[in-house]
>>> print(open('protein_25.csv').read())   # CSV, C-alpha atoms
chain,number,residue,atom,x,y,z
M,173,MET,CA,10.9,10.9,33.9
M,174,THR,CA,9.3,8.7,31.3
M,175,SER,CA,8.1,5.1,31.4
M,176,CYS,CA,9.4,2.4,29.1
M,177,ILE,CA,7.7,1.0,26.1
M,178,THR,CA,5.3,-1.7,27.1
M,179,ASN,CA,3.8,-4.8,25.4
M,180,LYS,CA,0.6,-2.9,24.8
M,181,ASP,CA,2.5,-0.5,22.6
M,182,VAL,CA,4.0,-3.0,20.3
M,183,VAL,CA,1.6,-6.0,20.1
M,184,TYR,CA,-0.7,-6.1,17.1
M,185,LEU,CA,-4.4,-6.9,17.1
M,186,GLN,CA,-5.1,-7.1,20.8
M,187,ASP,CA,-8.5,-7.9,22.3
M,188,LYS,CA,-9.5,-4.6,23.9
M,189,GLY,CA,-12.8,-5.8,25.1
M,190,THR,CA,-14.6,-5.0,21.9
M,191,VAL,CA,-14.4,-8.6,20.5
M,192,LEU,CA,-17.2,-10.9,21.7
M,193,ASN,CA,-15.3,-14.2,21.2
M,194,ASP,CA,-11.9,-15.5,20.4
M,195,SER,CA,-12.8,-16.4,16.8
M,196,LEU,CA,-13.3,-13.0,15.2
M,197,GLN,CA,-15.1,-13.3,11.9
M,198,ILE,CA,-13.9,-10.7,9.5
M,199,GLN,CA,-16.0,-9.6,6.7
M,200,ALA,CA,-14.2,-8.2,3.6
M,201,LEU,CA,-14.9,-4.5,3.6
M,202,ALA,CA,-12.5,-3.7,0.9
M,203,LYS,CA,-14.4,-2.0,-2.0
M,204,PRO,CA,-13.4,-2.8,-5.6
M,205,TYR,CA,-10.5,-0.5,-6.5
M,206,ARG,CA,-11.2,2.2,-9.1
M,207,VAL,CA,-8.3,3.2,-11.3
M,208,GLN,CA,-6.6,6.5,-10.6
M,209,VAL,CA,-4.2,8.8,-12.4
M,210,ASN,CA,-0.6,7.4,-12.7
M,211,ASP,CA,-1.8,3.8,-12.3
M,212,ILE,CA,-0.1,1.4,-14.8
M,213,LEU,CA,-2.3,-1.3,-16.3
M,214,GLN,CA,-1.2,-4.5,-17.9
M,215,ILE,CA,-3.8,-5.5,-20.6
M,216,ASN,CA,-3.6,-8.9,-22.3
M,217,VAL,CA,-5.6,-9.9,-25.3
M,218,LYS,CA,-6.1,-13.5,-26.5
M,219,ALA,CA,-7.9,-14.8,-29.5
M,220,LEU,CA,-7.6,-17.5,-32.2
M,221,ASP,CA,-5.9,-15.1,-34.6
M,222,GLU,CA,-2.5,-14.8,-32.8
M,223,GLU,CA,-0.9,-12.4,-35.4
M,224,LEU,CA,-3.7,-9.9,-35.0
M,225,VAL,CA,-3.6,-10.2,-31.2
M,226,ALA,CA,0.1,-9.5,-31.1
M,227,ILE,CA,-0.6,-5.8,-31.9
M,228,PHE,CA,-2.5,-5.3,-28.7
M,229,ASN,CA,0.0,-7.0,-26.4
M,230,PRO,CA,3.1,-4.8,-26.1
M,231,THR,CA,4.0,-6.2,-22.7
M,232,SER,CA,4.0,-9.7,-24.0
M,233,ASN,CA,6.3,-8.8,-26.8
M,234,SER,CA,9.1,-7.6,-24.5
M,235,SER,CA,12.4,-9.4,-25.0
M,236,ASN,CA,14.1,-11.2,-22.1
M,237,ASN,CA,16.8,-8.5,-22.0
M,238,GLU,CA,14.1,-6.0,-21.1
M,239,GLY,CA,13.1,-7.9,-18.0
M,240,ARG,CA,9.8,-9.4,-19.0
M,241,GLY,CA,7.2,-8.8,-16.3
M,242,SER,CA,9.6,-6.6,-14.3
M,243,GLU,CA,8.6,-3.2,-12.9
M,244,GLN,CA,10.7,-1.4,-15.4
M,245,ALA,CA,9.3,-3.3,-18.4
M,246,LEU,CA,5.8,-2.6,-17.2
M,247,TYR,CA,6.5,1.1,-16.8
M,248,PHE,CA,7.7,1.4,-20.4
M,249,LYS,CA,5.4,-1.2,-22.0
M,250,GLY,CA,2.3,-1.0,-19.8
M,251,PHE,CA,-0.6,1.5,-20.1
M,252,THR,CA,-0.1,4.5,-17.8
M,253,VAL,CA,-3.3,6.5,-16.9
M,254,ASP,CA,-2.6,10.1,-17.8
M,255,LEU,CA,-3.8,13.3,-16.0
M,256,HIS,CA,-7.0,13.1,-18.0
M,257,GLY,CA,-7.7,9.5,-17.0
M,258,ASN,CA,-6.9,8.1,-20.4
M,259,ILE,CA,-4.7,5.3,-21.7
M,260,LYS,CA,-3.4,5.0,-25.2
M,261,PHE,CA,-4.3,1.6,-26.4
M,262,PRO,CA,-2.9,0.2,-29.7
M,263,ILE,CA,-5.2,0.8,-32.7
M,264,LEU,CA,-8.2,1.8,-30.5
M,265,GLY,CA,-6.5,5.1,-29.5
M,266,GLU,CA,-7.4,6.8,-26.2
M,267,LEU,CA,-9.7,5.1,-23.7
M,268,ASN,CA,-10.9,6.8,-20.6
M,269,VAL,CA,-10.5,4.4,-17.6
M,270,LEU,CA,-10.5,6.9,-14.7
M,271,GLY,CA,-12.7,5.6,-11.9
M,272,TYR,CA,-13.4,2.2,-13.5
M,273,THR,CA,-12.6,-1.2,-11.9
M,274,VAL,CA,-10.3,-3.6,-13.8
M,275,GLU,CA,-13.4,-5.8,-14.6
M,276,GLU,CA,-15.2,-2.8,-16.1
M,277,ILE,CA,-12.1,-2.0,-18.2
M,278,GLU,CA,-11.9,-5.6,-19.4
M,279,ALA,CA,-15.5,-5.3,-20.6
M,280,MET,CA,-14.8,-1.9,-22.2
M,281,VAL,CA,-11.8,-3.1,-24.2
M,282,LYS,CA,-13.5,-6.3,-25.3
M,283,LYS,CA,-16.5,-4.4,-26.5
M,284,GLU,CA,-14.4,-2.0,-28.6
M,285,LEU,CA,-12.3,-4.9,-30.1
M,286,LEU,CA,-15.4,-6.9,-31.0
M,287,ALA,CA,-17.0,-3.8,-32.6
M,288,GLN,CA,-14.0,-2.9,-34.7
M,289,TYR,CA,-11.6,-5.8,-35.3
M,290,PHE,CA,-12.9,-9.2,-34.1
M,291,LYS,CA,-15.9,-11.4,-34.7
M,292,GLU,CA,-17.8,-13.2,-32.0
M,293,THR,CA,-16.3,-16.4,-33.3
M,294,ALA,CA,-12.7,-15.2,-32.6
M,295,GLN,CA,-13.1,-16.4,-29.0
M,296,LEU,CA,-11.7,-13.1,-27.7
M,297,PHE,CA,-10.4,-13.0,-24.1
M,298,VAL,CA,-9.2,-9.8,-22.4
M,299,THR,CA,-7.6,-9.6,-18.9
M,300,VAL,CA,-6.7,-6.3,-17.1
M,301,LYS,CA,-4.4,-6.1,-14.1
M,302,LEU,CA,-2.8,-3.4,-12.1
M,303,ALA,CA,1.0,-3.5,-12.6
M,304,GLY,CA,1.7,-4.3,-9.0
M,305,LEU,CA,0.3,-2.7,-5.9
M,306,LYS,CA,2.6,0.2,-5.1
M,307,TYR,CA,2.7,2.0,-1.8
M,308,THR,CA,5.1,4.2,0.2
M,309,THR,CA,6.2,4.0,3.9
M,310,LEU,CA,7.4,6.8,6.1
M,311,GLY,CA,8.2,7.6,9.7
M,312,GLU,CA,9.1,5.0,12.3
M,313,MET,CA,9.7,2.2,9.8
M,314,LYS,CA,11.9,1.7,6.8
M,315,ALA,CA,11.1,4.6,4.4
M,316,GLY,CA,10.7,3.8,0.7
M,317,ASN,CA,8.6,2.8,-2.2
M,318,HIS,CA,7.4,-0.8,-2.3
M,319,VAL,CA,5.6,-3.0,-4.8
M,320,ILE,CA,3.7,-6.3,-4.1
M,321,TYR,CA,2.4,-8.3,-7.1
M,322,ARG,CA,-1.0,-9.3,-5.7
M,323,ASP,CA,-4.5,-8.0,-6.2
M,324,ARG,CA,-5.3,-7.6,-2.4
M,325,VAL,CA,-2.8,-6.7,0.4
M,326,ASN,CA,-3.7,-5.9,3.9
M,327,ILE,CA,-1.9,-3.2,5.9
M,328,LEU,CA,-0.1,-5.8,8.1
M,329,GLU,CA,1.3,-7.6,5.1
M,330,ALA,CA,2.4,-4.2,3.6
M,331,ILE,CA,4.2,-3.3,6.8
M,332,ALA,CA,5.8,-6.7,7.1
M,333,ASN,CA,7.0,-6.3,3.5
M,334,ALA,CA,8.6,-3.0,4.4
M,335,GLY,CA,10.4,-4.5,7.5
M,336,ASP,CA,7.9,-3.9,10.3
M,337,ILE,CA,7.4,-0.8,12.5
M,338,LYS,CA,10.2,0.1,14.8
M,339,VAL,CA,9.7,-0.4,18.6
M,340,THR,CA,9.4,3.4,18.9
M,341,GLY,CA,6.6,3.6,16.3
M,342,ASP,CA,3.0,4.4,17.4
M,343,ARG,CA,0.9,1.5,16.3
M,344,ARG,CA,-2.2,2.9,17.8
M,345,ASP,CA,-2.5,5.7,15.3
M,346,VAL,CA,-1.1,4.6,11.9
M,347,MET,CA,-1.9,7.2,9.2
M,348,ILE,CA,-2.9,6.2,5.7
M,349,ILE,CA,-2.8,8.9,3.0
M,350,ARG,CA,-5.0,7.8,0.2
M,351,GLN,CA,-5.5,9.2,-3.3
M,352,TYR,CA,-9.0,10.0,-4.6
M,353,PRO,CA,-10.2,11.6,-7.8
M,354,GLN,CA,-10.9,14.8,-5.7
M,355,GLY,CA,-7.5,14.7,-4.0
M,356,GLN,CA,-5.9,13.1,-1.0
M,357,LYS,CA,-7.4,12.2,2.4
M,358,ILE,CA,-5.8,11.1,5.6
M,359,HIS,CA,-7.2,8.1,7.5
M,360,HIS,CA,-6.3,6.6,10.8
M,361,ILE,CA,-6.2,3.0,12.0
M,362,ASP,CA,-5.3,1.4,15.4
M,363,LEU,CA,-3.2,-1.7,14.6
M,364,THR,CA,-3.1,-2.8,18.3
M,365,ASP,CA,-6.9,-3.4,18.2
M,366,LYS,CA,-8.4,-6.5,16.6
M,367,ASN,CA,-11.2,-4.4,15.3
M,368,ALA,CA,-8.6,-2.9,12.8
M,369,MET,CA,-9.3,-6.0,10.7
M,370,ALA,CA,-12.9,-4.9,10.2
M,371,SER,CA,-11.8,-1.4,9.1
M,372,GLU,CA,-12.4,-0.3,5.5
M,373,PHE,CA,-8.7,0.8,5.5
M,374,TYR,CA,-7.4,-2.6,6.6
M,375,TYR,CA,-6.7,-3.4,2.9
M,376,ILE,CA,-4.4,-0.9,1.3
M,377,GLN,CA,-4.8,0.5,-2.2
M,378,PRO,CA,-2.3,1.5,-4.9
M,379,ASN,CA,-0.4,4.7,-4.2
M,380,ASP,CA,-1.3,4.6,-0.5
M,381,ILE,CA,1.2,6.3,1.8
M,382,ILE,CA,1.6,4.6,5.2
M,383,MET,CA,3.0,6.9,7.9
M,384,VAL,CA,3.9,5.9,11.4
M,385,LYS,CA,4.5,8.6,14.1
M,386,PRO,CA,7.0,8.2,17.0
M,387,LEU,CA,5.6,7.4,20.4
M,388,LYS,CA,5.7,10.3,22.8
M,389,ARG,CA,8.2,8.5,24.9
M,390,LYS,CA,10.7,8.7,22.1
M,391,ALA,CA,10.0,12.4,21.5
M,392,LEU,CA,10.6,13.1,25.2
M,393,GLY,CA,13.9,11.1,25.1
M,394,GLY,CA,12.7,8.1,27.2
M,395,GLY,CA,14.3,4.7,26.9
M,396,GLN,CA,12.7,1.8,25.1
M,397,THR,CA,13.0,-0.6,28.1
M,398,ALA,CA,13.1,-0.3,31.9
M,399,VAL,CA,16.8,-1.1,31.9
M,400,GLN,CA,17.5,1.8,29.5
M,401,ASN,CA,15.4,4.1,31.7
M,402,LEU,CA,17.3,3.0,34.8
M,403,THR,CA,20.7,3.5,33.0
M,404,THR,CA,19.6,7.0,32.0
M,405,LEU,CA,18.6,7.9,35.5
M,406,VAL,CA,21.8,6.5,37.1
M,407,SER,CA,23.8,8.5,34.5
M,408,VAL,CA,21.9,11.7,35.3
M,409,PHE,CA,22.3,11.1,39.1
M,410,SER,CA,26.0,10.5,38.7
M,411,ILE,CA,26.4,13.8,36.8
M,412,LEU,CA,24.5,15.7,39.4
M,413,VAL,CA,26.5,14.2,42.3
M,414,SER,CA,29.8,14.9,40.4
M,415,THR,CA,28.7,18.5,39.7
M,416,TYR,CA,27.8,19.0,43.4
M,417,PHE,CA,31.2,17.9,44.7
M,418,ILE,CA,33.0,19.9,42.1
M,419,ILE,CA,31.1,23.1,43.1
M,420,ARG,CA,31.8,22.4,46.8
M,421,SER,CA,35.5,22.0,46.2
M,422,LEU,CA,35.8,25.4,44.6
>>> encode(input="protein_25.csv", output="structure tokens")
Amino acid sequence: MTSCITNKDVVYLQDKGTVLNDSLQIQALAKPYRVQVNDILQINVKALDEELVAIFNPTSNSSNNEGRGSEQALYFKGFTVDLHGNIKFPILGELNVLGYTVEEIEAMVKKELLAQYFKETAQLFVTVKLAGLKYTTLGEMKAGNHVIYRDRVNILEAIANAGDIKVTGDRRDVMIIRQYPQGQKIHHIDLTDKNAMASEFYYIQPNDIIMVKPLKRKALGGGQTAVQNLTTLVSVFSILVSTYFIIRSL
């Protein structure tokens, strides 16, 4: 016999006695993201000389038919970080951006452009952004690849965007598979605890995989509610009684 799924299994950010007051102050623990292999960057260059600038802005030159700003357009027109950590930037050639923040890449591109093509009086302005925050969901939630066009996204927003975790999902042990230059690592976070908001894994990163395991109740075949469990028990009891009388009648 298995118990039904309770409120404590499905309610997010509960106070489990580890929070000192009702107003939990959360400090941003998210470290600046450092660019990884397969990331796609959108780099925009602005200056007084618009004709010269146009060479360096392939994403801005997309026609409306190509879906300007869309994921497909960015894939073909953006700057993809290759296996060596390089991007191929117009005129400048290959630039190694692996492990750099977007702010550091902005400074790098601006420095190279000023050294080779622009003067200080050109009023050069460079912006670098990730082409959407991409992540994958698996397990007891809607499986698939998702993109959110924001710089910072926490795990609750990512899960909500994917359609939330099923009632049978284990919110106490959500797995985050994260990509690092040395390889992938698995991290765990308890989303039923308020302290999850203070975790360094509360904010997701590009290419994260969010995996939710089923509760043991589901694996054992238990119902989700007390009514379902009662119905199951009554059905089993009825089968046993019927079987008993059939055997006696033989």
>>> atom_distance(input="protein_25.csv", atom1="CA of Ala368 (chain M)", atom2="CA of Pro353 (chain M)")
25.2 Å
>>> atom_distance(input="protein_25.csv", atom1="CA of Asn326 (chain M)", atom2="CA of Gly355 (chain M)")
22.4 Å
>>> atom_distance(input="protein_25.csv", atom1="CA of Met313 (chain M)", atom2="CA of Met383 (chain M)")
8.4 Å
>>> closest_residue(input="protein_25.csv", among="M:Ile263, M:Ile361, M:Ile411, M:Ala315", to="Ala226 (chain M)", atoms="only C-alpha atoms")
M:Ile263
>>> closest_residue(input="protein_25.csv", among="M:Asp323, M:Asp211, M:Asp336, M:Asp345", to="Leu255 (chain M)", atoms="all atoms listed in the file")
M:Asp211
>>> closest_atom_pairs(input="protein_25.csv", of="region 289-408 of chain M", to="region 217-222 of chain M", cutoff="8 Å", atoms="only C-alpha atoms", output="Markdown table")
| residue | atom | partner | partner_atom | distance |
| --- | --- | --- | --- | --- |
| M:Ala294 | CA | M:Leu220 | CA | 5.6 |
| M:Gln295 | CA | M:Ala219 | CA | 5.5 |
| M:Leu296 | CA | M:Ala219 | CA | 4.5 |
| M:Phe297 | CA | M:Lys218 | CA | 4.9 |
| M:Val298 | CA | M:Val217 | CA | 4.6 |
| M:Thr299 | CA | M:Val217 | CA | 6.7 |
>>> residues_around(input="protein_25.csv", residues="Thr309 (chain M)", least_positions_apart="6", cutoff="10 Å", atoms="all atoms listed in the file", output="list of chain:residue names")
M:Ala315, M:Gly316, M:Asn317, M:His318, M:Ala330, M:Ile331, M:Ala334, M:Ile337, M:Ile348, M:Asp380, M:Ile381, M:Ile382, M:Met383, M:Val384
>>> residues_near_point(input="protein_25.csv", point="(-9.6, 2.2, -7.1)", cutoff="8 Å", atoms="all atoms listed in the file", output="PyMOL selection string")
chain M and resi 204-208+271-273+377-378
>>> residues_near_point(input="protein_25.csv", point="(11.4, 5.2, 12.5)", cutoff="6 Å", atoms="all atoms listed in the file", output="PyMOL selection string")
chain M and resi 311-313+338
>>> closest_residue(input="protein_25.csv", among="M:Tyr352, M:Phe290, M:Phe251, M:Tyr307", to="Ile215 (chain M)", atoms="all atoms listed in the file")
M:Phe251
>>> residues_around(input="protein_25.csv", residues="Gly304 (chain M)", least_positions_apart="5", cutoff="7 Å", atoms="all atoms listed in the file", output="PyMOL selection string")
chain M and resi 319-322
>>> axis_aligned_box(input="protein_25.csv", around="region 295-307 of chain M", padding_each_side="4 Å", output="JSON")
{"center_x": -5.2, "center_y": -7.2, "center_z": -15.4, "size_x": 23.8, "size_y": 26.4, "size_z": 35.2}
>>> residues_around(input="protein_25.csv", residues="Tyr184 (chain M)", least_positions_apart="4", cutoff="7 Å", atoms="only C-alpha atoms", output="PDB file with C-alpha atoms, keeping the file's coordinate frame")
ATOM      1  CA  LEU M 363      -3.200  -1.700  14.600  1.00  0.00           C
ATOM      2  CA  THR M 364      -3.100  -2.800  18.300  1.00  0.00           C
ATOM      3  CA  ASP M 365      -6.900  -3.400  18.200  1.00  0.00           C
TER       4      ASP M 365
END
>>> closest_residue(input="protein_25.csv", among="M:Asn229, M:Ser414, M:Asn216, M:Asn210", to="Asn258 (chain M)", atoms="only C-alpha atoms")
M:Asn210
>>> closest_residue(input="protein_25.csv", among="M:Glu329, M:Glu284, M:Asp181, M:Asp187", to="Lys366 (chain M)", atoms="only C-alpha atoms")
M:Asp187
>>> closest_residue(input="protein_25.csv", among="M:Gln214, M:Gln186, M:Thr340, M:Thr308", to="Glu278 (chain M)", atoms="only C-alpha atoms")
M:Gln214
